[in-house]
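Everything below concerns the one structure shown next.
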Amino acid sequence: MLKKFFILINLFQLFSFEAYGAEEGMPQLNPEYWVSQIFWLIVVFTILYLILSKFILPKINGNLETRKSQILRNLEDAQKFKEESEKKIKDYEAIINEAKQKAKSIINDTRKKINEDIQVKKNHLEKEIESEINKAENEIKSLKLSSVDSVKKIAFETSSLIIKEILNADLNSSNVSAIVEDVSKKKLDKYL
Amino acid sequence: MATNPMHQFHVHRIGPEIKIGNFDISFTNASFFMVTSVLTILIFFYFGTKKRAIIPTKIQLIAELTYTFISKMISDTAGSKAKPYFAFIFSLFIFVLFCNMLGMLPYSFTVTSHIIVTFVLAIFIFIGVTIIGFLKHGLGYLKLFVPSGVPIILLPLIVIIEIISYLSRPVSLSVRLFANMMAGHTMLKVFGGFVVSLGLIGGWLPLSFSVALTGLEILVAFLQAYVFAILTCIYLNDALNLHH
């Protein structure tokens with residue numbers, strides 16, 4: 001198999017050597033079209049260079065620059081927005097704190113006011129109660145005093161009647177009243 | 001004829017013979033592929049720069065990536081002074097790249113596989129860089145051939161070596177690209193020929209080689225364009241910032 005392979009290669013080489021004979025060596029060293037190649041190379045390369053340098057490369061460069069500046073601008077904007085949002089957060093916190101303090105002071109004020117109100121009302125009530133009590137006491141006193149007179153009168157009348165019944169005689173009313181007065185002075189103090 | 005691996009490098013006239021004086025400047029298949037490359041490049045970049053969106057489209061992204069790739073390569077190797085030559089190096093890279101890549105299409109012609117083409121590019125770079133060097137540094141540019149820190153006895157020898165290496169720059173630059181392209185395409189053709197001659201039974205091995213080589217050649221096509229451009233940058237760097 002391997003032998004066959006080498007024979008085939010040899011065969012191929014034979015054919016190719018025959019072909020070599022038809023064209024001599026390297027076509028690169030044949031100067032027939034050298035001038036033409038140089039001429040076209042210069043023409044074509046100059047055109048390429050001019051178009052690239054005048055139109056295409058500035059375009060690419062411009063685009064790269066605008067992208068770079070756009071990115072920078074976006075970054076700056078982002079920074080600005082970040083700062084702004086931080087400021088807003090601070091403002092918000094300040095507002096919240098202020099509101100809290102306000103609420104606290106309102107609560108305190110209201111509490112104070114209510115307390116004062118309660119105090120005032122309490123005082124007023126106490127005064128009223130006291131005057132009521134005083135009034136009642138005075139009334140009781142005057143009632144007591146007036147009751148003494150009625151008691152004396154009843155006692156005088158009763159004792160006059162009793163005496164009249166027992167003795168069957170009219171006594172001097174002034175005497176009776178003097179006695180009643182005397183007794184009542186001694187005894188009534190106990191009840192008044 | 002079809003099995004001759006060198007046949008693909010043949011230049012032949014397309015259309016009428018054009019002559020200026022004694023010089024034949026007829027339109028050939030080589031000229032055709034140069035024009036095709038440039039048109040492909042221009043169409044690609046036309047669509048790549050058409051929209052100019054802030055968030056790039058796919059083709060725009062590729063165009064912009066190419067731009068930043070070359071821009072970074074130049075600033076890394078030759079510094080900020082090389083900025084005026086950006087357009088030239090960009091054109092050079094993209095032209096060589098597209099010529100190499102179009103050459104990878106079957107039945108196409110590889111412009112850069114011809115020594116005369118690469119040599120014209122290289123000699124233009126060489127002359128341009130030398131002129132820039134003398135314009136920037138005057139006769140001080142000759143210091144390039146006198147490295148610092150070399151013993152005086154060795155100096156004549158070193159200077160001669162430096163001059164030879166400087167003068168061989170266009171040769172090495174052009175031969176590198178041309179030889180890589182020619183060798184790769186010849187090899188592909190040889191293996192392609194093996195596939196045909198070994199037939200259905202034995203042809204699978206060279207076919208798989210052919211596939212692998214195609215991948216390799218695409219890599220080489222890109223790499224050689226990159227090497228061509230970066231060496232130009234390095235030469236430019238010598239002319240702009242005299243280090244020696």
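Labeling convention for the structure tokens: chains A, B, ... as they appear, residues from 1 per chain, ligands from 1 in order of appearance.
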
In stretch 13-186 of chain B, what's helix (DSSP H, G or I) per DSSP? Answer as number ranges by chain?
B: 29-48, 58-78, 80-103, 111-113, 115-145, 155-167, 169-186

With a cut-off of 8 Å and counting only C-alpha atoms, select all residues of chain B in contact with chain A and give the selection as a PyMOL selection string.
chain B and resi 1+3-4+6-7+9-11+23-28+30-31+34-35+38+42+45-46+49+52-54+63-64+67+87-88+91+95+113-117+120+194+197-198+202

Fewer than 5 positions away in the same chain doesn't count, so skip those; otherwise give me all residues within 8 Å of B:Gly133, counting only C-alpha atoms, as a list in words.
Gly138, Tyr141, Asp238, Ala239 and Leu240 of chain B

Selection above as a file: C-alpha atoms, as a PDB file, in the first residue's frame:
ATOM      1  CA  GLY B 138      19.658  66.421   9.424  1.00  0.00           C
ATOM      2  CA  TYR B 141      20.384  60.787  11.283  1.00  0.00           C
ATOM      3  CA  ASP B 238      14.038  54.863  13.927  1.00  0.00           C
ATOM      4  CA  ALA B 239      13.568  57.905  11.734  1.00  0.00           C
ATOM      5  CA  LEU B 240      11.356  59.833  14.168  1.00  0.00           C
TER       6      LEU B 240
END

Separation of atom CA of B:Thr110 from atom CA of B:Phe126 in Å
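Computing it gives 23.1 Å between the two atoms.
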
Produce a table with one row for each residue of stretch 29-122 of chain B that has an atom at most 7 Å from any atom of stretch 232-237 of chain B, each row naming the nearest atom pair and its distance in Å at one decimal; use only C-alpha atoms; arrange rows by chain and rising residue number; format as JSON lines.
{"residue": "B:Ile74", "atom": "CA", "partner": "B:Cys233", "partner_atom": "CA", "distance": 6.1}
{"residue": "B:Thr77", "atom": "CA", "partner": "B:Ile234", "partner_atom": "CA", "distance": 6.1}
{"residue": "B:Ala78", "atom": "CA", "partner": "B:Asn237", "partner_atom": "CA", "distance": 4.3}

Same residues, N, CA and C atoms, output as a JSON list (two decimals), in the first residue's frame:
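Result saved to part-v1.json:
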[["chain", "number", "residue", "atom", "x", "y", "z"],
["B", 74, "ILE", "N", 0.65, 51.64, 16.00],
["B", 74, "ILE", "CA", 1.56, 52.74, 15.65],
["B", 74, "ILE", "C", 2.02, 53.47, 16.90],
["B", 77, "THR", "N", 4.59, 51.33, 18.82],
["B", 77, "THR", "CA", 5.94, 51.11, 18.26],
["B", 77, "THR", "C", 6.64, 52.40, 17.89],
["B", 78, "ALA", "N", 5.89, 53.40, 17.43],
["B", 78, "ALA", "CA", 6.56, 54.60, 16.92],
["B", 78, "ALA", "C", 6.21, 55.86, 17.71]]

Contacts of stretch 142-148 of chain B at 9 Å (only C-alpha atoms; same-chain gap of 5+ positions) as a PyMOL selection string:
chain B and resi 133-134+137+155+158-163+166+238-239+242-244

Can those selected residues be exported to a file as a PDB file, in the first residue's frame so that it contains N, CA and C atoms?
ATOM      1  N   GLY B 133      13.842  60.749   8.123  1.00  0.00           N
ATOM      2  CA  GLY B 133      14.956  60.747   9.071  1.00  0.00           C
ATOM      3  C   GLY B 133      15.885  61.925   8.854  1.00  0.00           C
ATOM      4  N   PHE B 134      16.258  62.178   7.592  1.00  0.00           N
ATOM      5  CA  PHE B 134      17.185  63.287   7.323  1.00  0.00           C
ATOM      6  C   PHE B 134      16.502  64.635   7.540  1.00  0.00           C
ATOM      7  N   HIS B 137      16.341  64.999  11.543  1.00  0.00           N
ATOM      8  CA  HIS B 137      17.579  65.067  12.315  1.00  0.00           C
ATOM      9  C   HIS B 137      18.754  65.619  11.528  1.00  0.00           C
ATOM     10  N   LEU B 155      34.282  49.868  15.984  1.00  0.00           N
ATOM     11  CA  LEU B 155      33.332  50.792  15.380  1.00  0.00           C
ATOM     12  C   LEU B 155      33.252  50.721  13.852  1.00  0.00           C
ATOM     13  N   ILE B 158      31.257  47.696  12.900  1.00  0.00           N
ATOM     14  CA  ILE B 158      29.847  47.816  13.292  1.00  0.00           C
ATOM     15  C   ILE B 158      29.112  48.757  12.348  1.00  0.00           C
ATOM     16  N   VAL B 159      29.768  49.863  12.018  1.00  0.00           N
ATOM     17  CA  VAL B 159      29.120  50.844  11.147  1.00  0.00           C
ATOM     18  C   VAL B 159      28.824  50.224   9.796  1.00  0.00           C
ATOM     19  N   ILE B 160      29.777  49.472   9.277  1.00  0.00           N
ATOM     20  CA  ILE B 160      29.559  48.821   7.973  1.00  0.00           C
ATOM     21  C   ILE B 160      28.385  47.838   8.060  1.00  0.00           C
ATOM     22  N   ILE B 161      28.374  47.054   9.174  1.00  0.00           N
ATOM     23  CA  ILE B 161      27.275  46.085   9.346  1.00  0.00           C
ATOM     24  C   ILE B 161      25.935  46.809   9.440  1.00  0.00           C
ATOM     25  N   GLU B 162      25.938  47.906  10.197  1.00  0.00           N
ATOM     26  CA  GLU B 162      24.697  48.663  10.373  1.00  0.00           C
ATOM     27  C   GLU B 162      24.196  49.209   9.043  1.00  0.00           C
ATOM     28  N   ILE B 163      25.157  49.716   8.231  1.00  0.00           N
ATOM     29  CA  ILE B 163      24.759  50.274   6.937  1.00  0.00           C
ATOM     30  C   ILE B 163      24.195  49.173   6.041  1.00  0.00           C
ATOM     31  N   TYR B 166      20.825  48.286   7.220  1.00  0.00           N
ATOM     32  CA  TYR B 166      19.854  49.336   6.885  1.00  0.00           C
ATOM     33  C   TYR B 166      19.461  49.234   5.416  1.00  0.00           C
ATOM     34  N   ASP B 238      12.603  54.540  14.027  1.00  0.00           N
ATOM     35  CA  ASP B 238      14.038  54.863  13.927  1.00  0.00           C
ATOM     36  C   ASP B 238      14.230  56.269  13.378  1.00  0.00           C
ATOM     37  N   ALA B 239      13.409  56.598  12.370  1.00  0.00           N
ATOM     38  CA  ALA B 239      13.568  57.905  11.734  1.00  0.00           C
ATOM     39  C   ALA B 239      13.050  59.027  12.619  1.00  0.00           C
ATOM     40  N   LEU B 242      15.353  59.112  17.214  1.00  0.00           N
ATOM     41  CA  LEU B 242      16.687  58.531  17.051  1.00  0.00           C
ATOM     42  C   LEU B 242      17.177  58.021  18.399  1.00  0.00           C
ATOM     43  N   HIS B 243      17.251  56.695  18.533  1.00  0.00           N
ATOM     44  CA  HIS B 243      17.568  56.133  19.855  1.00  0.00           C
ATOM     45  C   HIS B 243      19.047  55.936  20.073  1.00  0.00           C
ATOM     46  N   HIS B 244      19.766  55.679  18.982  1.00  0.00           N
ATOM     47  CA  HIS B 244      21.163  55.282  19.153  1.00  0.00           C
ATOM     48  C   HIS B 244      22.020  56.395  19.748  1.00  0.00           C
TER      49      HIS B 244
END

How many Å lie between atom CA of A:Asn172 and atom CA of A:Ser184, rounded to one decimal?
18.4 Å

Would you pick out the contacts of stretch 204-218 of chain B at 12 Å or less, using only C-alpha atoms, so that residues sharing its chain but fewer than 3 positions from it are not included, and give the list as a ChimeraX atom specification?
/A:5,9 /B:97-106,180-201,221-225
